[in-house]
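Comments concern the structure below.
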Amino acid sequence: MARGEGVEHSNASLLNKSINQNGNTLAGKQHEERGRLSICNKLCYAVGGAPYQITGCALGFFLQIYLLDVAQLDPFYASIILFVGRAWDAITDPTVGFLVSRTPWTRFGRMMPWILMSTPLAIISYFLIWCVPDLDQGKVVWYLVWYCLFQTLQTCFHVPYSSLTMFISPDQKERDSATAYRMFVEVLGTVIGTGIQGQIVGMANTPCINSTLAPLDADPNAIHPSNHTLLPIYLTHTRNAYMISSGVICAIYVLCAVVLFFGVRERKDLCRTKSEPISFWQGIRLVMGHGPYNKLVMGFLFTSLAFMLLEGNFALFCCYTLGFRNDFQNILLVIMLAASLTIPFWQWFLMRFGKKTAVFCGISFAMPFLAMVVLVKSNLVMTYIVSFVAGVSVGAAFLLPWSMLPDVVDDFKVANPDLQGHEAIFYSFYVFFTKFSSGVSLGISTLSLDYAGYIPNGCTQPEAVNLTLKILVSAAPITLIIIGLVVFIFYPINEEARQRNRKMLQHQRDNETDSESDSIESGSSDVCGQL
């Protein structure tokens, strides 16, 4: 009898082991299926990134020239608006990230309420940025208030949206795929922003003021400064064009927010926080104490600053240094169109050769062409060609940071399994450093133009201004790219580390599932024993 009971017990153990193995296999397949995103989900998620890039591109390319030539502010005050606005925007990012990380779950999720509530006020403040107030005094305050307010509301949209990447799927490949969709739509958003703003404004371009002794037929669009009656009329047309383009962009902003809200579902099982809430300063120490994150942020800090310098000054460079006043909006459009078309290529490249290799190949690709646009004699066809090729590198610069940030967050989760739910802090601090640096760069570049003797609406500029613009769009960006690539040499997360982290995170999730199953099974056994 004892031997029979032993055999029966052994058979039961083998049967239970087999059932558990089959159950784990089935659970793994179900987990993989639950982690998959449909193409519709990915597209809806990607569309949510367009408002940030459409408005950001319009502000980045056109706000400086708008404040100088249309609102006719002194370059010193324009630099204050650009710097303070970006610096304020940078400060709000970690603050909003901290608040988002402490937001409780609602029926719409943790991130979606932020996106939904910030959209109406954001479009109002954005529209008012492009309105010239009928004020003799107070223009600087007007633009500073609305610019800072829009940046705050845009942060309340973008930080939760960026963090949403971690909560739409537990699968790393699905997140990378969704990020690629997002980057394609975001770069397409830059094309839309550049196209809408550039083409509408270009049709009502303000003529330049011929302040030299050169004949007026040297530029058919020039007017003499003594003719004070024509300039206000042209300025009114240009101001109306800016308001029309901003109204169109506001409508697109609302449409994208609606598509995101109804097309993407935030997963509650990925939003569970196992650790206790932390303070703001603890969050700073937590983030800055993670080595791979520091290297990633520092590397992209320099490379992003390079492209922001190019973005902020390229319109002025095309207008005055190259002399393509009537074509600059088309040149900008070519750059962003090339970036949009090459996003699928860079996604394939990073999947095939690794993300770190893609950084070195993609971002360094722009350096010879940035030098060429300054060294080669001004030629419209050559400028279009150089702009298209440079746009290829811009596409890589758009895709790679947001594709690599989830890897750093995963690495942090592996190193700190008991600290969860702080993803928004990582994303917000990355945006903080990039925006603060861009604010410094825009402020310094505008002050440099003021120091060089910039003439608002001038047909020509002093040679010192042309030299300053060449430095801002060529020498300075190339130097910053080189520094950023040197930092990336020490970035530790390669493809081997990514795969190791992915397996360890999957193992952690499986252990959690097994623990929950064991708890349920134990509870059931107790009930059966009592019966």
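Following the order of the structure tokens, chains are lettered A, B, ..., residues in each are numbered from 1, and ligands are numbered from 1.
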Could I get the residues of segment 258-336 of chain A with an atom no further than 9 Å from an atom of segment 48-67 of chain A, each paired with its nearest atom pair and that distance in Å to one decimal, using only C-alpha atoms, sorted by chain and residue number, as CSV?
```
residue,atom,partner,partner_atom,distance
A:Val258,CA,A:Gly48,CA,8.5
A:Val259,CA,A:Gly48,CA,7.2
A:Leu260,CA,A:Gly48,CA,5.1
A:Phe261,CA,A:Gly48,CA,8.4
A:Met308,CA,A:Gly60,CA,7.8
A:Glu311,CA,A:Phe61,CA,5.7
A:Gly312,CA,A:Phe61,CA,5.4
A:Asn313,CA,A:Phe61,CA,7.4
A:Phe314,CA,A:Phe61,CA,7.4
A:Ala315,CA,A:Phe61,CA,6.5
A:Leu316,CA,A:Ile65,CA,7.0
A:Leu332,CA,A:Phe61,CA,8.3
```
* Pairwise distance for atom CA of Leu337 of chain A and atom CA of Val191 of chain A, rounded to one decimal in Å -> 5.7 Å
* So, counting only C-alpha atoms, which residue among A:Asp136, A:Asp450, A:Asp407, A:Asp171 is closest to Leu37 of chain A? -> A:Asp171
Quick one: which segment 292-324 of chain A residues come within 8 Å of segment 385-397 of chain A, and what is the nearest atom pair for each with the distance in Å to one decimal, counting only C-alpha atoms, rows ordered by chain and ascending number, as CSV?
```
residue,atom,partner,partner_atom,distance
A:Thr303,CA,A:Ala397,CA,7.8
A:Ser304,CA,A:Ala397,CA,7.4
A:Phe307,CA,A:Val394,CA,7.6
```
* To do: Compile the contact shell of Tyr77 of chain A as an MDAnalysis selection string: residues with an atom at most 10 Å away, counting only C-alpha atoms, same-chain residues fewer than 6 positions apart removed.
  => chainID A and resid 67:68 83 139:141 144 443 446:447
* To do: Rank A:Lys435, A:Lys413, A:Arg107, A:Arg36 by their smallest atom-to-atom distance to Gln506 of chain A, using only C-alpha atoms, and report the top residue only.
  =>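 Closest candidate: A:Lys413.
Pairwise distance (atom CA of Gly289 of chain A, atom CA of Tyr430 of chain A) equals 13.8 Å.
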* Selection: 10 Å around Tyr454 of chain A, only C-alpha atoms, excl. self and same-chain fewer than 2 positions, as a list in words ->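 Those residues are Leu68, Asp74, Pro75, Thr446, Leu447, Ser448, Leu449, Asp450, Tyr451, Ala452, Pro456, Asn457, Gly458, Thr460, Gln461, Pro462, Glu463, Ala464, Val465 and Asn466 of chain A.
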Write a file of the just-selected residues containing C-alpha atoms, as a PDB file, in the first residue's frame.
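The result, stored in out18.pdb:
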```
ATOM      1  CA  LEU A  68      12.600  90.513 -35.449  1.00  0.00           C
ATOM      2  CA  ASP A  74      14.697  94.835 -30.727  1.00  0.00           C
ATOM      3  CA  PRO A  75      17.035  91.787 -31.035  1.00  0.00           C
ATOM      4  CA  THR A 446      20.074  86.248 -31.160  1.00  0.00           C
ATOM      5  CA  LEU A 447      22.345  88.349 -28.956  1.00  0.00           C
ATOM      6  CA  SER A 448      25.231  87.548 -31.294  1.00  0.00           C
ATOM      7  CA  LEU A 449      23.224  88.859 -34.235  1.00  0.00           C
ATOM      8  CA  ASP A 450      22.413  92.008 -32.279  1.00  0.00           C
ATOM      9  CA  TYR A 451      26.087  92.497 -31.455  1.00  0.00           C
ATOM     10  CA  ALA A 452      27.020  91.950 -35.116  1.00  0.00           C
ATOM     11  CA  PRO A 456      15.457  94.052 -39.299  1.00  0.00           C
ATOM     12  CA  ASN A 457      13.907  93.572 -42.776  1.00  0.00           C
ATOM     13  CA  GLY A 458      17.132  94.691 -44.427  1.00  0.00           C
ATOM     14  CA  THR A 460      21.419  93.063 -47.032  1.00  0.00           C
ATOM     15  CA  GLN A 461      23.220  92.596 -43.741  1.00  0.00           C
ATOM     16  CA  PRO A 462      26.663  93.672 -42.546  1.00  0.00           C
ATOM     17  CA  GLU A 463      29.466  91.221 -43.195  1.00  0.00           C
ATOM     18  CA  ALA A 464      29.729  90.562 -39.455  1.00  0.00           C
ATOM     19  CA  VAL A 465      26.119  89.281 -39.448  1.00  0.00           C
ATOM     20  CA  ASN A 466      26.834  86.937 -42.373  1.00  0.00           C
TER      21      ASN A 466
END
```
* To do: Mind checking which residues fall within 6 Å of segment 93-98 of chain A, counting only C-alpha atoms, ignoring those fewer than 2 positions away in the same chain, and posting them as a PyMOL selection string?
  => chain A and resi 90-91+100-101+424-425+428-429+432
Restricted to C-alpha atoms, what would the selected residues look like written as a CSV table (one decimal), in the first residue's frame?
```csv
chain,number,residue,atom,x,y,z
A,90,ALA,CA,12.7,73.3,-19.4
A,91,ILE,CA,11.9,73.9,-15.8
A,100,VAL,CA,2.5,62.7,-13.6
A,101,SER,CA,4.5,60.0,-11.8
A,424,ALA,CA,7.8,59.9,-16.5
A,425,ILE,CA,10.7,61.4,-14.5
A,428,SER,CA,10.9,64.7,-18.5
A,429,PHE,CA,14.5,65.2,-17.4
A,432,PHE,CA,14.5,69.4,-19.6
```
* Asked: Smallest atom-to-atom distance to Leu350 of chain A: which of A:Leu82, A:Leu322, A:Cys44, A:Leu399, using only C-alpha atoms?
  -> A:Leu399
* To do: Find the residues near segment 341-349 of chain A: any atom within 9 Å, counting only C-alpha atoms, skip ones fewer than 5 places away on the same chain, and give them as number ranges by chain.
  => A: 176-177, 180-181, 183-184, 187-188, 336, 354-355, 357-358, 362, 391-393, 395-396, 398-400
Serialized selection, C-alpha atoms, as a CSV table (one decimal), in the first residue's frame:
```csv
chain,number,residue,atom,x,y,z
A,176,ASP,CA,10.4,50.0,-30.7
A,177,SER,CA,8.0,49.5,-33.6
A,180,ALA,CA,9.3,54.1,-35.2
A,181,TYR,CA,5.7,54.9,-36.3
A,183,MET,CA,9.0,59.2,-35.2
A,184,PHE,CA,7.8,58.9,-38.8
A,187,VAL,CA,8.9,64.1,-38.7
A,188,LEU,CA,6.0,64.2,-41.1
A,336,MET,CA,12.1,68.1,-43.2
A,354,GLY,CA,22.2,48.2,-33.5
A,355,LYS,CA,21.2,51.6,-32.1
A,357,THR,CA,26.0,52.1,-34.5
A,358,ALA,CA,23.1,54.0,-35.9
A,362,GLY,CA,23.3,58.8,-38.8
A,391,GLY,CA,17.7,66.1,-43.8
A,392,VAL,CA,18.7,62.4,-43.9
A,393,SER,CA,20.8,63.0,-40.7
A,395,GLY,CA,15.7,61.9,-39.5
A,396,ALA,CA,18.2,59.9,-37.5
A,398,PHE,CA,14.7,62.5,-34.5
A,399,LEU,CA,14.3,58.8,-34.2
A,400,LEU,CA,17.3,57.6,-32.1
```
* Give me the residues within 8 Å of Cys250 of chain A as a ChimeraX atom specification, counting only C-alpha atoms and dropping any in the same chain fewer than 2 places off. => /A:123,126-127,246-248,252-254
For the residues selected in the previous step, produce a file with all heavy atoms as a PDB file, in the first residue's frame.
```
ATOM      1  N   ILE A 123      -3.993  75.413 -27.416  1.00  0.00           N
ATOM      2  CA  ILE A 123      -4.222  75.978 -28.750  1.00  0.00           C
ATOM      3  C   ILE A 123      -4.554  77.472 -28.670  1.00  0.00           C
ATOM      4  O   ILE A 123      -4.198  78.245 -29.568  1.00  0.00           O
ATOM      5  CB  ILE A 123      -5.331  75.212 -29.495  1.00  0.00           C
ATOM      6  CG1 ILE A 123      -6.656  75.285 -28.745  1.00  0.00           C
ATOM      7  CG2 ILE A 123      -4.926  73.770 -29.717  1.00  0.00           C
ATOM      8  CD1 ILE A 123      -7.819  74.698 -29.515  1.00  0.00           C
ATOM      9  N   TYR A 126      -1.199  79.208 -28.091  1.00  0.00           N
ATOM     10  CA  TYR A 126      -0.368  79.140 -29.298  1.00  0.00           C
ATOM     11  C   TYR A 126      -0.827  80.171 -30.337  1.00  0.00           C
ATOM     12  O   TYR A 126       0.003  80.857 -30.958  1.00  0.00           O
ATOM     13  CB  TYR A 126      -0.423  77.739 -29.905  1.00  0.00           C
ATOM     14  CG  TYR A 126       0.375  77.614 -31.185  1.00  0.00           C
ATOM     15  CD1 TYR A 126       1.760  77.455 -31.142  1.00  0.00           C
ATOM     16  CD2 TYR A 126      -0.241  77.671 -32.428  1.00  0.00           C
ATOM     17  CE1 TYR A 126       2.501  77.356 -32.309  1.00  0.00           C
ATOM     18  CE2 TYR A 126       0.493  77.576 -33.599  1.00  0.00           C
ATOM     19  CZ  TYR A 126       1.869  77.414 -33.529  1.00  0.00           C
ATOM     20  OH  TYR A 126       2.597  77.331 -34.693  1.00  0.00           O
ATOM     21  N   PHE A 127      -2.129  80.282 -30.521  1.00  0.00           N
ATOM     22  CA  PHE A 127      -2.646  81.242 -31.499  1.00  0.00           C
ATOM     23  C   PHE A 127      -2.261  82.674 -31.131  1.00  0.00           C
ATOM     24  O   PHE A 127      -1.905  83.487 -31.993  1.00  0.00           O
ATOM     25  CB  PHE A 127      -4.169  81.106 -31.598  1.00  0.00           C
ATOM     26  CG  PHE A 127      -4.794  82.043 -32.589  1.00  0.00           C
ATOM     27  CD1 PHE A 127      -4.777  81.750 -33.949  1.00  0.00           C
ATOM     28  CD2 PHE A 127      -5.393  83.225 -32.173  1.00  0.00           C
ATOM     29  CE1 PHE A 127      -5.345  82.619 -34.872  1.00  0.00           C
ATOM     30  CE2 PHE A 127      -5.967  84.096 -33.084  1.00  0.00           C
ATOM     31  CZ  PHE A 127      -5.945  83.792 -34.443  1.00  0.00           C
ATOM     32  N   SER A 246      -1.330  79.840 -38.029  1.00  0.00           N
ATOM     33  CA  SER A 246      -1.447  79.346 -36.651  1.00  0.00           C
ATOM     34  C   SER A 246      -2.827  78.765 -36.395  1.00  0.00           C
ATOM     35  O   SER A 246      -2.972  77.778 -35.648  1.00  0.00           O
ATOM     36  CB  SER A 246      -1.155  80.468 -35.657  1.00  0.00           C
ATOM     37  OG  SER A 246      -2.125  81.492 -35.745  1.00  0.00           O
ATOM     38  N   GLY A 247      -3.874  79.329 -37.004  1.00  0.00           N
ATOM     39  CA  GLY A 247      -5.218  78.774 -36.865  1.00  0.00           C
ATOM     40  C   GLY A 247      -5.327  77.385 -37.464  1.00  0.00           C
ATOM     41  O   GLY A 247      -5.960  76.481 -36.880  1.00  0.00           O
ATOM     42  N   VAL A 248      -4.706  77.174 -38.618  1.00  0.00           N
ATOM     43  CA  VAL A 248      -4.706  75.842 -39.245  1.00  0.00           C
ATOM     44  C   VAL A 248      -3.971  74.844 -38.358  1.00  0.00           C
ATOM     45  O   VAL A 248      -4.422  73.704 -38.161  1.00  0.00           O
ATOM     46  CB  VAL A 248      -4.062  75.912 -40.642  1.00  0.00           C
ATOM     47  CG1 VAL A 248      -3.935  74.519 -41.243  1.00  0.00           C
ATOM     48  CG2 VAL A 248      -4.878  76.808 -41.561  1.00  0.00           C
ATOM     49  N   ILE A 252      -5.273  71.232 -36.451  1.00  0.00           N
ATOM     50  CA  ILE A 252      -4.591  69.938 -36.550  1.00  0.00           C
ATOM     51  C   ILE A 252      -4.232  69.425 -35.156  1.00  0.00           C
ATOM     52  O   ILE A 252      -4.324  68.215 -34.880  1.00  0.00           O
ATOM     53  CB  ILE A 252      -3.333  70.074 -37.428  1.00  0.00           C
ATOM     54  CG1 ILE A 252      -3.727  70.460 -38.849  1.00  0.00           C
ATOM     55  CG2 ILE A 252      -2.531  68.782 -37.430  1.00  0.00           C
ATOM     56  CD1 ILE A 252      -2.544  70.751 -39.752  1.00  0.00           C
ATOM     57  N   TYR A 253      -3.840  70.302 -34.278  1.00  0.00           N
ATOM     58  CA  TYR A 253      -3.495  69.949 -32.895  1.00  0.00           C
ATOM     59  C   TYR A 253      -4.673  69.243 -32.217  1.00  0.00           C
ATOM     60  O   TYR A 253      -4.511  68.167 -31.603  1.00  0.00           O
ATOM     61  CB  TYR A 253      -3.137  71.236 -32.142  1.00  0.00           C
ATOM     62  CG  TYR A 253      -2.453  71.063 -30.808  1.00  0.00           C
ATOM     63  CD1 TYR A 253      -1.170  71.526 -30.603  1.00  0.00           C
ATOM     64  CD2 TYR A 253      -3.107  70.457 -29.731  1.00  0.00           C
ATOM     65  CE1 TYR A 253      -0.542  71.390 -29.368  1.00  0.00           C
ATOM     66  CE2 TYR A 253      -2.498  70.322 -28.505  1.00  0.00           C
ATOM     67  CZ  TYR A 253      -1.203  70.792 -28.334  1.00  0.00           C
ATOM     68  OH  TYR A 253      -0.587  70.644 -27.115  1.00  0.00           O
ATOM     69  N   VAL A 254      -5.861  69.828 -32.339  1.00  0.00           N
ATOM     70  CA  VAL A 254      -7.052  69.240 -31.709  1.00  0.00           C
ATOM     71  C   VAL A 254      -7.373  67.887 -32.325  1.00  0.00           C
ATOM     72  O   VAL A 254      -7.683  66.912 -31.623  1.00  0.00           O
ATOM     73  CB  VAL A 254      -8.245  70.201 -31.846  1.00  0.00           C
ATOM     74  CG1 VAL A 254      -9.521  69.539 -31.347  1.00  0.00           C
ATOM     75  CG2 VAL A 254      -7.992  71.489 -31.077  1.00  0.00           C
TER      76      VAL A 254
END
```
* How many Å lie between atom CA of Phe302 of chain A and atom CA of Phe324 of chain A, rounded to one decimal? -> 29.0 Å
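Of the listed residues (A:Gly198, A:Gly263, A:Pro160, A:Pro133), A:Gly263 comes nearest to Cys40 of chain A; the distances count only C-alpha atoms.
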